[in-house]
$ cat final31.cif   # mmCIF, C-alpha atoms and all ligand atoms
data_input
#
loop_
_atom_site.group_PDB
_atom_site.id
_atom_site.type_symbol
_atom_site.label_atom_id
_atom_site.label_comp_id
_atom_site.auth_asym_id
_atom_site.auth_seq_id
_atom_site.Cartn_x
_atom_site.Cartn_y
_atom_site.Cartn_z
ATOM 1 C CA MET A 1 271.724 148.901 94.186
ATOM 2 C CA ALA A 2 269.661 146.070 95.690
ATOM 3 C CA PRO A 3 266.224 145.710 94.097
ATOM 4 C CA THR A 4 263.383 147.013 96.222
ATOM 5 C CA VAL A 5 260.869 144.377 97.266
ATOM 6 C CA GLU A 6 257.171 144.799 97.684
ATOM 7 C CA ARG A 7 256.112 144.201 101.335
ATOM 8 C CA LYS A 8 252.778 144.340 103.061
ATOM 9 C CA LYS A 9 251.919 144.387 106.749
ATOM 10 C CA ILE A 10 251.221 140.889 108.026
ATOM 11 C CA ASP A 11 249.233 140.391 111.249
ATOM 12 C CA LEU A 12 250.967 137.565 113.073
ATOM 13 C CA ALA A 13 248.694 137.541 116.142
ATOM 14 C CA PRO A 14 246.828 134.287 115.265
ATOM 15 C CA LEU A 15 250.105 132.498 114.591
ATOM 16 C CA LYS A 16 251.693 133.632 117.849
ATOM 17 C CA ALA A 17 248.548 132.801 119.821
ATOM 18 C CA ALA A 18 248.487 129.254 118.434
ATOM 19 C CA ASN A 19 252.026 128.702 119.749
ATOM 20 C CA VAL A 20 252.408 125.395 117.889
ATOM 21 C CA PRO A 21 255.812 123.653 117.677
ATOM 22 C CA ILE A 22 258.103 124.724 114.850
ATOM 23 C CA PHE A 23 260.965 122.640 113.427
ATOM 24 C CA PHE A 24 263.565 124.028 111.043
ATOM 25 C CA ILE A 25 264.820 121.510 108.446
ATOM 26 C CA VAL A 26 268.311 122.305 107.182
ATOM 27 C CA GLY A 27 270.752 120.546 104.848
ATOM 28 C CA GLY A 28 272.612 120.992 101.594
ATOM 29 C CA PRO A 29 270.770 120.941 98.276
ATOM 30 C CA GLY A 30 269.823 117.309 97.635
ATOM 31 C CA SER A 31 270.321 116.235 101.256
ATOM 32 C CA GLY A 32 266.802 114.772 101.370
ATOM 33 C CA LYS A 33 264.936 117.505 103.232
ATOM 34 C CA GLY A 34 261.834 117.250 101.054
ATOM 35 C CA THR A 35 261.908 113.440 101.058
ATOM 36 C CA GLN A 36 262.083 113.217 104.850
ATOM 37 C CA CYS A 37 259.494 115.975 105.346
ATOM 38 C CA ASP A 38 256.953 113.999 103.303
ATOM 39 C CA LYS A 39 257.468 111.041 105.640
ATOM 40 C CA ILE A 40 257.288 113.218 108.766
ATOM 41 C CA VAL A 41 253.983 114.718 107.551
ATOM 42 C CA ALA A 42 252.558 111.233 106.982
ATOM 43 C CA LYS A 43 253.473 110.124 110.516
ATOM 44 C CA TYR A 44 253.024 113.262 112.632
ATOM 45 C CA GLY A 45 250.595 115.398 110.621
ATOM 46 C CA LEU A 46 252.718 118.521 110.865
ATOM 47 C CA THR A 47 252.430 121.193 108.148
ATOM 48 C CA HIS A 48 255.316 121.066 105.672
ATOM 49 C CA LEU A 49 256.382 124.419 104.209
ATOM 50 C CA SER A 50 259.362 124.376 101.839
ATOM 51 C CA SER A 51 260.756 127.862 101.278
ATOM 52 C CA GLY A 52 261.936 126.752 97.834
ATOM 53 C CA ASP A 53 258.427 125.512 96.924
ATOM 54 C CA LEU A 54 256.910 128.783 98.171
ATOM 55 C CA LEU A 55 259.367 130.724 96.009
ATOM 56 C CA ARG A 56 258.660 128.564 92.948
ATOM 57 C CA ASP A 57 254.889 129.037 93.505
ATOM 58 C CA GLU A 58 255.435 132.787 93.719
ATOM 59 C CA VAL A 59 257.333 132.746 90.415
ATOM 60 C CA LYS A 60 254.526 130.730 88.785
ATOM 61 C CA SER A 61 251.876 133.152 90.075
ATOM 62 C CA GLY A 62 253.306 135.861 87.822
ATOM 63 C CA SER A 63 253.358 138.422 90.671
ATOM 64 C CA PRO A 64 255.791 141.379 90.564
ATOM 65 C CA ARG A 65 257.504 139.826 93.610
ATOM 66 C CA GLY A 66 257.909 136.544 91.704
ATOM 67 C CA ALA A 67 259.442 138.167 88.657
ATOM 68 C CA GLN A 68 262.549 139.180 90.615
ATOM 69 C CA LEU A 69 263.155 135.689 91.954
ATOM 70 C CA THR A 70 263.873 133.494 88.941
ATOM 71 C CA ALA A 71 267.256 134.993 88.129
ATOM 72 C CA ILE A 72 268.389 134.782 91.747
ATOM 73 C CA MET A 73 267.391 131.126 92.084
ATOM 74 C CA GLU A 74 269.034 130.158 88.786
ATOM 75 C CA SER A 75 272.250 131.833 89.941
ATOM 76 C CA GLY A 76 272.338 129.600 93.041
ATOM 77 C CA ALA A 77 272.202 132.616 95.365
ATOM 78 C CA LEU A 78 269.824 133.271 98.243
ATOM 79 C CA VAL A 79 266.645 135.266 97.755
ATOM 80 C CA PRO A 80 266.429 138.374 100.002
ATOM 81 C CA LEU A 81 265.504 137.509 103.555
ATOM 82 C CA GLU A 82 262.352 139.669 103.678
ATOM 83 C CA VAL A 83 260.844 138.018 100.595
ATOM 84 C CA VAL A 84 261.260 134.497 101.977
ATOM 85 C CA LEU A 85 260.126 135.415 105.470
ATOM 86 C CA ASP A 86 256.961 137.124 104.175
ATOM 87 C CA LEU A 87 256.072 134.070 102.064
ATOM 88 C CA VAL A 88 256.656 131.762 105.024
ATOM 89 C CA LYS A 89 254.559 133.950 107.342
ATOM 90 C CA GLU A 90 251.670 134.100 104.856
ATOM 91 C CA ALA A 91 251.703 130.317 104.381
ATOM 92 C CA MET A 92 251.892 129.708 108.148
ATOM 93 C CA LEU A 93 248.891 131.965 108.776
ATOM 94 C CA ILE A 94 246.808 130.110 106.181
ATOM 95 C CA ALA A 95 247.768 126.779 107.765
ATOM 96 C CA ILE A 96 246.952 128.031 111.269
ATOM 97 C CA GLU A 97 243.492 129.099 110.099
ATOM 98 C CA LYS A 98 243.010 125.495 108.964
ATOM 99 C CA GLY A 99 244.041 124.157 112.386
ATOM 100 C CA SER A 100 247.727 123.263 111.866
ATOM 101 C CA LYS A 101 249.288 121.592 114.887
ATOM 102 C CA GLY A 102 252.892 122.457 114.032
ATOM 103 C CA PHE A 103 255.336 123.230 111.233
ATOM 104 C CA LEU A 104 258.285 121.796 109.363
ATOM 105 C CA ILE A 105 260.008 124.783 107.808
ATOM 106 C CA ASP A 106 262.118 123.114 105.087
ATOM 107 C CA GLY A 107 265.096 124.918 103.573
ATOM 108 C CA TYR A 108 264.934 127.662 106.160
ATOM 109 C CA PRO A 109 266.973 129.273 107.670
ATOM 110 C CA ARG A 110 269.637 129.353 104.959
ATOM 111 C CA GLU A 111 271.595 132.100 106.720
ATOM 112 C CA VAL A 112 271.891 132.928 110.424
ATOM 113 C CA ALA A 113 270.047 136.251 110.052
ATOM 114 C CA GLN A 114 266.999 134.401 108.656
ATOM 115 C CA GLY A 115 266.782 132.276 111.771
ATOM 116 C CA GLN A 116 267.223 135.236 114.076
ATOM 117 C CA GLN A 117 264.593 137.320 112.301
ATOM 118 C CA PHE A 118 262.077 134.450 112.168
ATOM 119 C CA GLU A 119 262.527 133.704 115.856
ATOM 120 C CA SER A 120 262.325 137.339 116.956
ATOM 121 C CA GLU A 121 259.237 138.095 114.828
ATOM 122 C CA ILE A 122 257.336 134.809 115.167
ATOM 123 C CA GLN A 123 258.497 132.209 117.667
ATOM 124 C CA GLU A 124 261.513 130.102 118.600
ATOM 125 C CA ALA A 125 262.124 126.830 116.807
ATOM 126 C CA LYS A 126 261.834 123.738 118.982
ATOM 127 C CA LEU A 127 264.602 121.847 117.165
ATOM 128 C CA VAL A 128 266.682 122.176 114.024
ATOM 129 C CA LEU A 129 267.086 118.933 112.045
ATOM 130 C CA PHE A 130 270.265 118.996 109.959
ATOM 131 C CA PHE A 131 270.682 116.368 107.234
ATOM 132 C CA ASP A 132 274.423 115.878 106.909
ATOM 133 C CA VAL A 133 275.541 114.591 103.485
ATOM 134 C CA ALA A 134 278.907 114.768 101.666
ATOM 135 C CA GLU A 135 279.112 117.080 98.654
ATOM 136 C CA GLU A 136 279.833 114.193 96.298
ATOM 137 C CA THR A 137 276.577 112.491 97.316
ATOM 138 C CA LEU A 138 274.639 115.755 97.020
ATOM 139 C CA VAL A 139 275.822 116.235 93.433
ATOM 140 C CA LYS A 140 274.908 112.647 92.507
ATOM 141 C CA ARG A 141 271.416 112.969 94.001
ATOM 142 C CA LEU A 142 270.754 116.343 92.384
ATOM 143 C CA LEU A 143 271.829 115.081 88.967
ATOM 144 C CA GLY A 144 269.446 112.154 89.512
ATOM 145 C CA ARG A 145 266.646 114.548 90.508
ATOM 146 C CA ALA A 146 267.414 116.669 87.415
ATOM 147 C CA GLU A 147 266.199 113.868 85.168
ATOM 148 C CA THR A 148 262.601 114.365 86.286
ATOM 149 C CA SER A 149 262.322 117.557 88.364
ATOM 150 C CA GLY A 150 262.148 120.119 85.570
ATOM 151 C CA ARG A 151 263.810 122.512 88.031
ATOM 152 C CA ALA A 152 265.892 125.243 86.410
ATOM 153 C CA ASP A 153 268.454 124.987 89.233
ATOM 154 C CA ASP A 154 269.045 121.215 88.869
ATOM 155 C CA ASN A 155 271.972 121.542 86.445
ATOM 156 C CA ILE A 156 275.662 121.129 87.205
ATOM 157 C CA ASP A 157 276.592 124.835 87.002
ATOM 158 C CA THR A 158 273.839 125.946 89.365
ATOM 159 C CA ILE A 159 274.439 122.939 91.628
ATOM 160 C CA LYS A 160 278.074 124.035 92.131
ATOM 161 C CA LYS A 161 276.978 127.564 92.972
ATOM 162 C CA ARG A 162 274.316 126.287 95.374
ATOM 163 C CA LEU A 163 276.885 124.131 97.150
ATOM 164 C CA HIS A 164 279.095 127.194 97.528
ATOM 165 C CA THR A 165 276.152 129.145 98.980
ATOM 166 C CA PHE A 166 275.496 126.276 101.377
ATOM 167 C CA VAL A 167 279.083 126.256 102.659
ATOM 168 C CA THR A 168 279.390 130.020 103.016
ATOM 169 C CA SER A 169 275.902 130.990 104.254
ATOM 170 C CA THR A 170 274.108 127.922 105.632
ATOM 171 C CA ALA A 171 276.918 126.003 107.370
ATOM 172 C CA PRO A 172 277.086 128.847 109.963
ATOM 173 C CA VAL A 173 273.387 128.191 110.689
ATOM 174 C CA VAL A 174 274.332 124.660 111.753
ATOM 175 C CA ASP A 175 277.032 125.995 114.114
ATOM 176 C CA TYR A 176 274.669 128.647 115.467
ATOM 177 C CA TYR A 177 271.957 126.175 116.496
ATOM 178 C CA GLU A 178 274.511 123.658 117.733
ATOM 179 C CA SER A 179 275.823 126.299 120.136
ATOM 180 C CA LYS A 180 272.225 126.864 121.329
ATOM 181 C CA GLY A 181 271.779 123.129 121.977
ATOM 182 C CA LYS A 182 268.930 122.881 119.447
ATOM 183 C CA LEU A 183 270.671 121.046 116.626
ATOM 184 C CA VAL A 184 269.960 117.431 115.725
ATOM 185 C CA ARG A 185 272.698 116.358 113.303
ATOM 186 C CA ILE A 186 271.591 113.363 111.252
ATOM 187 C CA ASN A 187 273.939 111.411 108.998
ATOM 188 C CA ALA A 188 271.786 111.330 105.855
ATOM 189 C CA GLU A 189 273.973 109.231 103.542
ATOM 190 C CA GLY A 190 271.984 106.032 104.146
ATOM 191 C CA SER A 191 268.644 104.774 102.870
ATOM 192 C CA VAL A 192 265.512 106.929 103.128
ATOM 193 C CA ASP A 193 263.992 104.530 105.681
ATOM 194 C CA ASP A 194 267.118 104.297 107.845
ATOM 195 C CA ILE A 195 267.358 108.084 107.977
ATOM 196 C CA PHE A 196 263.673 108.325 108.819
ATOM 197 C CA GLY A 197 264.240 105.935 111.728
ATOM 198 C CA VAL A 198 266.717 108.417 113.214
ATOM 199 C CA VAL A 199 264.328 111.303 112.540
ATOM 200 C CA VAL A 200 261.511 109.509 114.360
ATOM 201 C CA ALA A 201 263.727 108.678 117.347
ATOM 202 C CA ASN A 202 264.484 112.386 117.714
ATOM 203 C CA LEU A 203 260.993 113.714 117.069
ATOM 204 C CA ASP A 204 259.392 111.219 119.441
ATOM 205 C CA LYS A 205 261.414 112.771 122.262
ATOM 206 C CA VAL A 206 259.757 116.158 121.760
ATOM 207 C CA THR A 207 256.406 115.531 120.061
ATOM 208 C CA SER A 208 254.638 113.442 122.675
ATOM 209 C CA LYS A 209 252.269 116.362 123.286
ATOM 210 C CA ILE A 210 251.350 116.892 119.596
HETATM 211 N N1 LIG A 301 268.497 108.788 101.483
HETATM 212 C C1 LIG A 301 268.518 108.963 100.169
HETATM 213 N N2 LIG A 301 269.241 108.155 99.387
HETATM 214 C C2 LIG A 301 269.268 108.317 98.058
HETATM 215 N N3 LIG A 301 268.594 109.268 97.404
HETATM 216 C C3 LIG A 301 267.851 110.111 98.141
HETATM 217 C C4 LIG A 301 267.776 110.022 99.550
HETATM 218 N N4 LIG A 301 266.961 111.005 100.004
HETATM 219 C C5 LIG A 301 266.559 111.695 98.916
HETATM 220 N N5 LIG A 301 267.076 111.149 97.801
HETATM 221 C C6 LIG A 301 266.911 111.624 96.429
HETATM 222 O O1 LIG A 301 267.794 112.750 96.295
HETATM 223 C C7 LIG A 301 267.158 113.812 95.583
HETATM 224 C C8 LIG A 301 267.072 115.054 96.473
HETATM 225 O O2 LIG A 301 266.146 114.805 97.519
HETATM 226 P P1 LIG A 301 265.221 115.973 98.047
HETATM 227 O O3 LIG A 301 264.315 115.386 99.068
HETATM 228 O O4 LIG A 301 264.586 116.703 96.892
HETATM 229 O O5 LIG A 301 266.326 116.899 98.761
HETATM 230 P P2 LIG A 301 266.323 118.427 99.183
HETATM 231 O O6 LIG A 301 264.890 118.835 99.395
HETATM 232 O O7 LIG A 301 267.145 118.465 100.435
HETATM 233 O O8 LIG A 301 266.997 119.147 98.043
HETATM 234 C C9 LIG A 301 265.813 113.284 95.124
HETATM 235 O O9 LIG A 301 265.946 112.806 93.813
HETATM 236 C C10 LIG A 301 265.519 112.160 96.135
HETATM 237 O O10 LIG A 301 264.700 111.168 95.579
HETATM 238 N N1 LIG A 302 265.289 130.294 103.019
HETATM 239 C C1 LIG A 302 265.721 130.726 101.819
HETATM 240 N N2 LIG A 302 266.386 131.890 101.723
HETATM 241 C C2 LIG A 302 266.821 132.336 100.552
HETATM 242 N N3 LIG A 302 266.677 131.696 99.400
HETATM 243 C C3 LIG A 302 266.015 130.529 99.431
HETATM 244 C C4 LIG A 302 265.502 129.979 100.639
HETATM 245 N N4 LIG A 302 264.899 128.795 100.366
HETATM 246 C C5 LIG A 302 265.041 128.610 99.055
HETATM 247 N N5 LIG A 302 265.703 129.639 98.483
HETATM 248 C C6 LIG A 302 266.073 129.764 97.048
HETATM 249 C C7 LIG A 302 267.551 129.530 96.855
HETATM 250 C C8 LIG A 302 267.626 128.033 96.585
HETATM 251 O O1 LIG A 302 268.781 127.670 95.881
HETATM 252 C C9 LIG A 302 266.340 127.789 95.788
HETATM 253 C C10 LIG A 302 265.767 126.377 95.862
HETATM 254 O O2 LIG A 302 265.537 126.031 97.220
HETATM 255 P P1 LIG A 302 264.999 124.580 97.658
HETATM 256 O O3 LIG A 302 263.828 124.189 96.825
HETATM 257 O O4 LIG A 302 264.830 124.606 99.130
HETATM 258 O O5 LIG A 302 266.215 123.634 97.262
HETATM 259 P P2 LIG A 302 266.559 122.153 97.779
HETATM 260 O O6 LIG A 302 265.297 121.513 98.215
HETATM 261 O O7 LIG A 302 267.184 121.507 96.580
HETATM 262 O O8 LIG A 302 267.560 122.323 98.886
HETATM 263 O O9 LIG A 302 265.412 128.742 96.317
HETATM 264 MG MG MG A 303 263.728 120.423 98.691
#

$ encode --input "final31.cif" --output "structure tokens"
Amino acid sequence: MAPTVERKKIDLAPLKAANVPIFFIVGGPGSGKGTQCDKIVAKYGLTHLSSGDLLRDEVKSGSPRGAQLTAIMESGALVPLEVVLDLVKEAMLIAIEKGSKGFLIDGYPREVAQGQQFESEIQEAKLVLFFDVAEETLVKRLLGRAETSGRADDNIDTIKKRLHTFVTSTAPVVDYYESKGKLVRINAEGSVDDIFGVVVANLDKVTSKI
């Protein structure tokens, strides 16, 4: 039986009223989502929310909700949709109160249903940036990150499982947004600065009003 998750009612009215642009940031584990988001924040001042960071913060907080998450994340599987979406909503509301002018939602959606539920409950994404990197490169980068990250999921066994989850659950997200004409596929094998150049060229087309 699936574990029951604690949920509370979240009033989304202020978030919907603000109607700020939302960008989904998708890519395999180690594709450079976090790295590029830091650079986007520095240039455009958008609010960066990483679903993985929100989950790790929840674990650290010692909440009952957090306690259920560690085992799932160490197994390389996806956390239940409602848990992630509630954390994202709560973080977005806090940022809106502080005057956020738009969001980078990093590591979300990781399955098509997550995208559909987010967009039906909150607002449509403006664009989906997909960082496209070969598996071999992802493994190399994650093993490099493992040396300093302290992350329980940066080890070869969990990395293999996370890659499997990416192929089975998240690759369909890429196809889904491509068919909607919202996908920006970025070859992310090159240097951080070269990739950022492509990111900027794409964001500049749609962020002139931010
Ligand atoms: N373009 C790149 N070339 C080489 N290494 C990179 C590049 N982008 C990110 N990295 C490194 O790869 C690792 C994973 O990057 P990260 O931004 O954490 O990816 P993600 O958030 O998609 O898992 C980090 O150690 C980061 O420094
Ligand atoms: N949107 C989401 N839905 C379900 N599980 C998620 C999720 N975002 C993150 N997780 C869970 C499963 C991931 O393997 C783990 C770490 O995510 P992450 O920090 O975004 O990884 P990375 O930046 O290496 O791609 O947290
Ligand atoms: Mg990340």

$ closest_residue --input "final31.cif" --among "A:Glu74, A:Asp106, A:Glu90, A:Asp11" --to "Asp38 in chain A" --atoms "all atoms listed in the file"
A:Asp106

$ resolve_selection --input "final31.cif" --expression "the PyMOL selection byres (((not hetatm)) within 6 of (chain A and resi 301))" --output "NGL selection string"
:A and (29-35 or 141-142 or 144-145 or 189-192)

$ atom_distance --input "final31.cif" --atom1 "CA of Thr70 in chain A" --atom2 "CA of Gly52 in chain A"
11.3 Å

$ atom_distance --input "final31.cif" --atom1 "atom MG of ligand MG 303 (chain A)" --atom2 "CA of Gly99 in chain A"
24.3 Å

$ closest_residue --input "final31.cif" --among "A:Thr165, A:Thr148, A:Thr207, A:Ser61" --to "ligand LIG 302 (chain A)" --atoms "all atoms listed in the file"
A:Thr165

$ residues_near_ligand --input "final31.cif" --ligand "ligand LIG 302 (chain A)" --cutoff "6 Å" --atoms "only C-alpha atoms and all ligand atoms" --output "PDB file with C-alpha atoms, in the coordinates of the input"
ATOM      1  CA  GLY A  28     272.612 120.992 101.594  1.00  0.00           C
ATOM      2  CA  PRO A  29     270.770 120.941  98.276  1.00  0.00           C
ATOM      3  CA  GLY A  30     269.823 117.309  97.635  1.00  0.00           C
ATOM      4  CA  SER A  51     260.756 127.862 101.278  1.00  0.00           C
ATOM      5  CA  GLY A  52     261.936 126.752  97.834  1.00  0.00           C
ATOM      6  CA  ASP A  53     258.427 125.512  96.924  1.00  0.00           C
ATOM      7  CA  MET A  73     267.391 131.126  92.084  1.00  0.00           C
ATOM      8  CA  GLY A  76     272.338 129.600  93.041  1.00  0.00           C
ATOM      9  CA  ALA A  77     272.202 132.616  95.365  1.00  0.00           C
ATOM     10  CA  LEU A  78     269.824 133.271  98.243  1.00  0.00           C
ATOM     11  CA  VAL A  79     266.645 135.266  97.755  1.00  0.00           C
ATOM     12  CA  LEU A  81     265.504 137.509 103.555  1.00  0.00           C
ATOM     13  CA  VAL A  84     261.260 134.497 101.977  1.00  0.00           C
ATOM     14  CA  GLY A 107     265.096 124.918 103.573  1.00  0.00           C
ATOM     15  CA  TYR A 108     264.934 127.662 106.160  1.00  0.00           C
ATOM     16  CA  PRO A 109     266.973 129.273 107.670  1.00  0.00           C
ATOM     17  CA  ARG A 110     269.637 129.353 104.959  1.00  0.00           C
ATOM     18  CA  ARG A 162     274.316 126.287  95.374  1.00  0.00           C
TER      19      ARG A 162
END

$ closest_residue --input "final31.cif" --among "A:Ala171, A:Ile195, A:Leu163, A:Ala95" --to "Glu111 in chain A" --atoms "all atoms listed in the file"
A:Ala171

$ residues_around --input "final31.cif" --residues "Asp193 in chain A" --least-positions-apart "5" --cutoff "10 Å" --atoms "all atoms listed in the file" --output "list in words"
Gln36, Lys39, Val198 and Val199 of chain A

$ closest_residue --input "final31.cif" --among "A:Ile122, A:Ile105, A:Asp132, A:Val173" --to "Ala17 in chain A" --atoms "all atoms listed in the file"
A:Ile122

$ axis_aligned_box --input "final31.cif" --around "range 18-36 of chain A" --padding-each-side "3 Å" --output "AutoDock Vina command-line options"
--center_x 260.5 --center_y 121.2 --center_z 108.7 --size_x 30.1 --size_y 22.0 --size_z 28.1

$ residues_around --input "final31.cif" --residues "Arg185 in chain A" --least-positions-apart "6" --cutoff "9 Å" --atoms "all atoms listed in the file" --output "ChimeraX atom specification"
/A:128-132,174,178
